[in-house]
Each structure stands twice: as C-alpha cells, then as structure tokens.
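Trainee: As input, take model_8.pdb (PDB, C-alpha atoms):
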```pdb
ATOM      1  CA  MET A   1     -33.196-105.813 165.745  1.00  0.00           C
ATOM      2  CA  HIS A   2     -29.993-104.736 164.007  1.00  0.00           C
ATOM      3  CA  GLN A   3     -28.160-104.394 167.323  1.00  0.00           C
ATOM      4  CA  GLY A   4     -29.692-107.626 168.615  1.00  0.00           C
ATOM      5  CA  LEU A   5     -28.357-109.527 165.612  1.00  0.00           C
ATOM      6  CA  ILE A   6     -24.918-107.953 165.968  1.00  0.00           C
ATOM      7  CA  THR A   7     -24.893-108.892 169.650  1.00  0.00           C
ATOM      8  CA  LEU A   8     -25.744-112.517 168.881  1.00  0.00           C
ATOM      9  CA  LEU A   9     -23.176-112.690 166.085  1.00  0.00           C
ATOM     10  CA  ASN A  10     -20.497-111.976 168.692  1.00  0.00           C
ATOM     11  CA  THR A  11     -20.931-115.526 169.973  1.00  0.00           C
ATOM     12  CA  LYS A  12     -22.700-117.436 167.185  1.00  0.00           C
ATOM     13  CA  LYS A  13     -22.452-118.021 163.474  1.00  0.00           C
ATOM     14  CA  ILE A  14     -25.360-116.682 161.423  1.00  0.00           C
ATOM     15  CA  ASN A  15     -26.774-120.183 160.902  1.00  0.00           C
ATOM     16  CA  GLN A  16     -26.820-120.675 164.701  1.00  0.00           C
ATOM     17  CA  VAL A  17     -28.895-117.572 165.476  1.00  0.00           C
ATOM     18  CA  PRO A  18     -32.459-118.624 166.313  1.00  0.00           C
ATOM     19  CA  ILE A  19     -35.367-116.265 165.674  1.00  0.00           C
ATOM     20  CA  LYS A  20     -36.476-116.791 169.271  1.00  0.00           C
ATOM     21  CA  GLY A  21     -33.057-115.743 170.581  1.00  0.00           C
ATOM     22  CA  LEU A  22     -32.996-112.716 168.302  1.00  0.00           C
ATOM     23  CA  THR A  23     -36.442-111.549 169.352  1.00  0.00           C
ATOM     24  CA  GLN A  24     -35.604-112.010 173.035  1.00  0.00           C
ATOM     25  CA  THR A  25     -32.310-110.133 172.668  1.00  0.00           C
ATOM     26  CA  SER A  26     -34.047-107.361 170.716  1.00  0.00           C
ATOM     27  CA  SER A  27     -37.084-107.243 173.047  1.00  0.00           C
ATOM     28  CA  VAL A  28     -39.563-107.644 170.194  1.00  0.00           C
ATOM     29  CA  ALA A  29     -42.256-110.195 169.468  1.00  0.00           C
ATOM     30  CA  ARG A  30     -41.711-112.918 166.867  1.00  0.00           C
ATOM     31  CA  SER A  31     -44.620-111.436 164.920  1.00  0.00           C
ATOM     32  CA  THR A  32     -42.736-108.139 164.733  1.00  0.00           C
ATOM     33  CA  PHE A  33     -39.713-109.909 163.268  1.00  0.00           C
ATOM     34  CA  TYR A  34     -41.858-111.641 160.647  1.00  0.00           C
ATOM     35  CA  ALA A  35     -43.655-108.400 159.818  1.00  0.00           C
ATOM     36  CA  TYR A  36     -40.333-107.061 158.493  1.00  0.00           C
ATOM     37  CA  TYR A  37     -38.264-110.101 157.518  1.00  0.00           C
ATOM     38  CA  ASP A  38     -38.747-113.557 156.077  1.00  0.00           C
ATOM     39  CA  ASN A  39     -35.642-114.947 157.792  1.00  0.00           C
ATOM     40  CA  ILE A  40     -32.415-114.041 159.591  1.00  0.00           C
ATOM     41  CA  ASP A  41     -30.549-113.708 156.281  1.00  0.00           C
ATOM     42  CA  ASN A  42     -32.873-110.857 155.246  1.00  0.00           C
ATOM     43  CA  LEU A  43     -32.050-109.018 158.468  1.00  0.00           C
ATOM     44  CA  LEU A  44     -28.313-109.645 158.038  1.00  0.00           C
ATOM     45  CA  GLU A  45     -28.498-108.260 154.506  1.00  0.00           C
ATOM     46  CA  GLU A  46     -30.204-105.128 155.809  1.00  0.00           C
ATOM     47  CA  VAL A  47     -27.531-104.691 158.516  1.00  0.00           C
ATOM     48  CA  GLU A  48     -24.783-105.032 155.904  1.00  0.00           C
ATOM     49  CA  ASP A  49     -26.567-102.605 153.570  1.00  0.00           C
ATOM     50  CA  THR A  50     -26.830-100.075 156.391  1.00  0.00           C
ATOM     51  CA  PHE A  51     -23.094-100.291 157.088  1.00  0.00           C
ATOM     52  CA  ILE A  52     -22.335 -99.855 153.387  1.00  0.00           C
ATOM     53  CA  GLU A  53     -24.741 -96.904 153.048  1.00  0.00           C
ATOM     54  CA  ASN A  54     -23.095 -95.202 156.027  1.00  0.00           C
ATOM     55  CA  LEU A  55     -19.637 -95.712 154.532  1.00  0.00           C
ATOM     56  CA  ASN A  56     -20.853 -94.434 151.160  1.00  0.00           C
ATOM     57  CA  THR A  57     -22.189 -91.310 152.836  1.00  0.00           C
ATOM     58  CA  LEU A  58     -18.799 -90.742 154.429  1.00  0.00           C
ATOM     59  CA  ASP A  59     -17.108 -91.446 151.079  1.00  0.00           C
ATOM     60  CA  GLN A  60     -18.979 -88.565 149.458  1.00  0.00           C
ATOM     61  CA  GLY A  61     -16.929 -86.230 151.620  1.00  0.00           C
ATOM     62  CA  ILE A  62     -13.674 -87.150 149.923  1.00  0.00           C
ATOM     63  CA  THR A  63     -14.802 -85.637 146.621  1.00  0.00           C
ATOM     64  CA  ASP A  64     -15.800 -82.358 148.260  1.00  0.00           C
ATOM     65  CA  PRO A  65     -12.857 -79.937 147.908  1.00  0.00           C
ATOM     66  CA  ALA A  66     -14.053 -78.045 150.978  1.00  0.00           C
ATOM     67  CA  VAL A  67     -13.526 -81.126 153.153  1.00  0.00           C
ATOM     68  CA  ASN A  68     -10.087 -81.681 154.592  1.00  0.00           C
ATOM     69  CA  ASN A  69      -8.936 -85.182 153.594  1.00  0.00           C
ATOM     70  CA  PHE A  70      -7.691 -85.801 157.126  1.00  0.00           C
ATOM     71  CA  THR A  71     -11.133 -84.959 158.473  1.00  0.00           C
ATOM     72  CA  TYR A  72     -12.618 -87.465 156.048  1.00  0.00           C
ATOM     73  CA  PHE A  73     -10.059 -90.084 157.061  1.00  0.00           C
ATOM     74  CA  TYR A  74     -10.789 -89.638 160.758  1.00  0.00           C
ATOM     75  CA  GLU A  75     -14.559 -89.785 160.192  1.00  0.00           C
ATOM     76  CA  VAL A  76     -14.226 -93.084 158.321  1.00  0.00           C
ATOM     77  CA  LEU A  77     -11.797 -94.443 160.903  1.00  0.00           C
ATOM     78  CA  SER A  78     -14.151 -93.443 163.709  1.00  0.00           C
ATOM     79  CA  TYR A  79     -17.075 -95.182 161.999  1.00  0.00           C
ATOM     80  CA  VAL A  80     -15.079 -98.384 161.420  1.00  0.00           C
ATOM     81  CA  GLU A  81     -13.888 -98.359 165.040  1.00  0.00           C
ATOM     82  CA  LYS A  82     -17.491 -97.934 166.206  1.00  0.00           C
ATOM     83  CA  ILE A  83     -18.512-100.978 164.177  1.00  0.00           C
ATOM     84  CA  ALA A  84     -15.563-102.983 165.506  1.00  0.00           C
ATOM     85  CA  ILE A  85     -16.394-102.100 169.105  1.00  0.00           C
ATOM     86  CA  CYS A  86     -20.057-103.060 168.811  1.00  0.00           C
ATOM     87  CA  CYS A  87     -19.194-106.289 167.003  1.00  0.00           C
ATOM     88  CA  GLN A  88     -16.347-107.612 169.148  1.00  0.00           C
ATOM     89  CA  PRO A  89     -16.907-110.624 171.385  1.00  0.00           C
ATOM     90  CA  TYR A  90     -17.230-109.930 175.106  1.00  0.00           C
TER      91      TYR A  90
END
```
Using structure tokens, write down the structure that the file contains.
Mentor:
Amino acid sequence: MHQGLITLLNTKKINQVPIKGLTQTSSVARSTFYAYYDNIDNLLEEVEDTFIENLNTLDQGITDPAVNNFTYFYEVLSYVEKIAICCQPY
C-alpha cells in the first residue's frame, strides 16, 4: 500500500486520494486497508516514518570511523534519488 499511495500522490493531493483508488492501485481489498489503517493520513504517516527510519539507519554510518564518509554520502544520495524517482510525476 505504501507504493500505491506514493503512485497516487504523483497526480493527486493527499486529500484527493480515495480509499477505493488506493486499494485498486495497491491490489488489496478495502477490508485489508481498514485492518491496518483508520484513514489515508495514517498510511501517509507510516510511509513518512519509513523514509525517516531508512535515513536514520544510513545516518548511523557517519559516526562509524570504519565507514568512509564518501561511502556514507553516496549511500544517502542514492537513497534520496530512489525516493525522488519513485515519487516523480509521470
């Protein structure tokens, strides 16, 4: 459902994303959506939290003296580019 929401946000604002459209895009039943979330905002929060957790994991590498800072930089840059690519409008 994360990817389905990101896909829909390429063309719509969050308040324009219908549950029906999300479930169709994600190929899940409405009941599945409601088993995990109360509303679209809950899903969006989880997507944002996942992005932040992934960046935090990458950030831990900068404090490790064994990690080359350029390696860290390129890992973070790669992750941000991946997000940008999946979130850009078609």
Trainee: Can you pull out every residue within 8 Å of range 13-15 of chain A, counting all atoms listed in the file, but drop anything in the same chain fewer than 4 positions away, and send it as a PDB file with C-alpha atoms, in the coordinates of the input?
Mentor:
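Just written: around.pdb:
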```pdb
ATOM      1  CA  LEU A   9     -23.176-112.690 166.085  1.00  0.00           C
ATOM      2  CA  ILE A  40     -32.415-114.041 159.591  1.00  0.00           C
ATOM      3  CA  ASP A  41     -30.549-113.708 156.281  1.00  0.00           C
TER       4      ASP A  41
END
```
Trainee: What does the distance between CA of Ser78 in chain A and CA of Met1 in chain A come to in Å, to one decimal place?
Mentor: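 Taking CA of Ser78 in chain A as the start and CA of Met1 in chain A as the end point, the length is 22.8 Å.
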Trainee: List the residues selected by the PyMOL selection byres ((chain A and resi 17-30) around 9) in the file shown, writing them as an MDAnalysis selection string.
Mentor: chainID A and resid 1:5 7:9 12:16 31:35 39:40
Trainee: CA of Asn56 in chain A to CA of Asp38 in chain A: how many Å, to one decimal?
Mentor: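 Result for CA of Asn56 in chain A versus CA of Asp38 in chain A: 26.6 Å, one decimal.
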Trainee: Applying 9 Å and only C-alpha atoms, which residues near Val47 in chain A remain after dropping the ones on its own chain fewer than 3 positions away? List them as an NGL selection string.
Mentor: :A and (2-3 or 5-6 or 42-44 or 50-52)
Trainee: Give me the box for range 27-46 of chain A as JSON, namely the centre and edge lengths in Å to one decimal of a box along x, y and z that holds every listed atom plus 5 Å on each side.
Mentor:
```
{"center_x": -36.5, "center_y": -110.0, "center_z": 163.8, "size_x": 26.3, "size_y": 19.8, "size_z": 28.5}
```
Trainee: Could you work out how far CA of Glu75 in chain A lies from CA of Leu58 in chain A, giving the answer in Å with one decimal?
Mentor: 7.2 Å
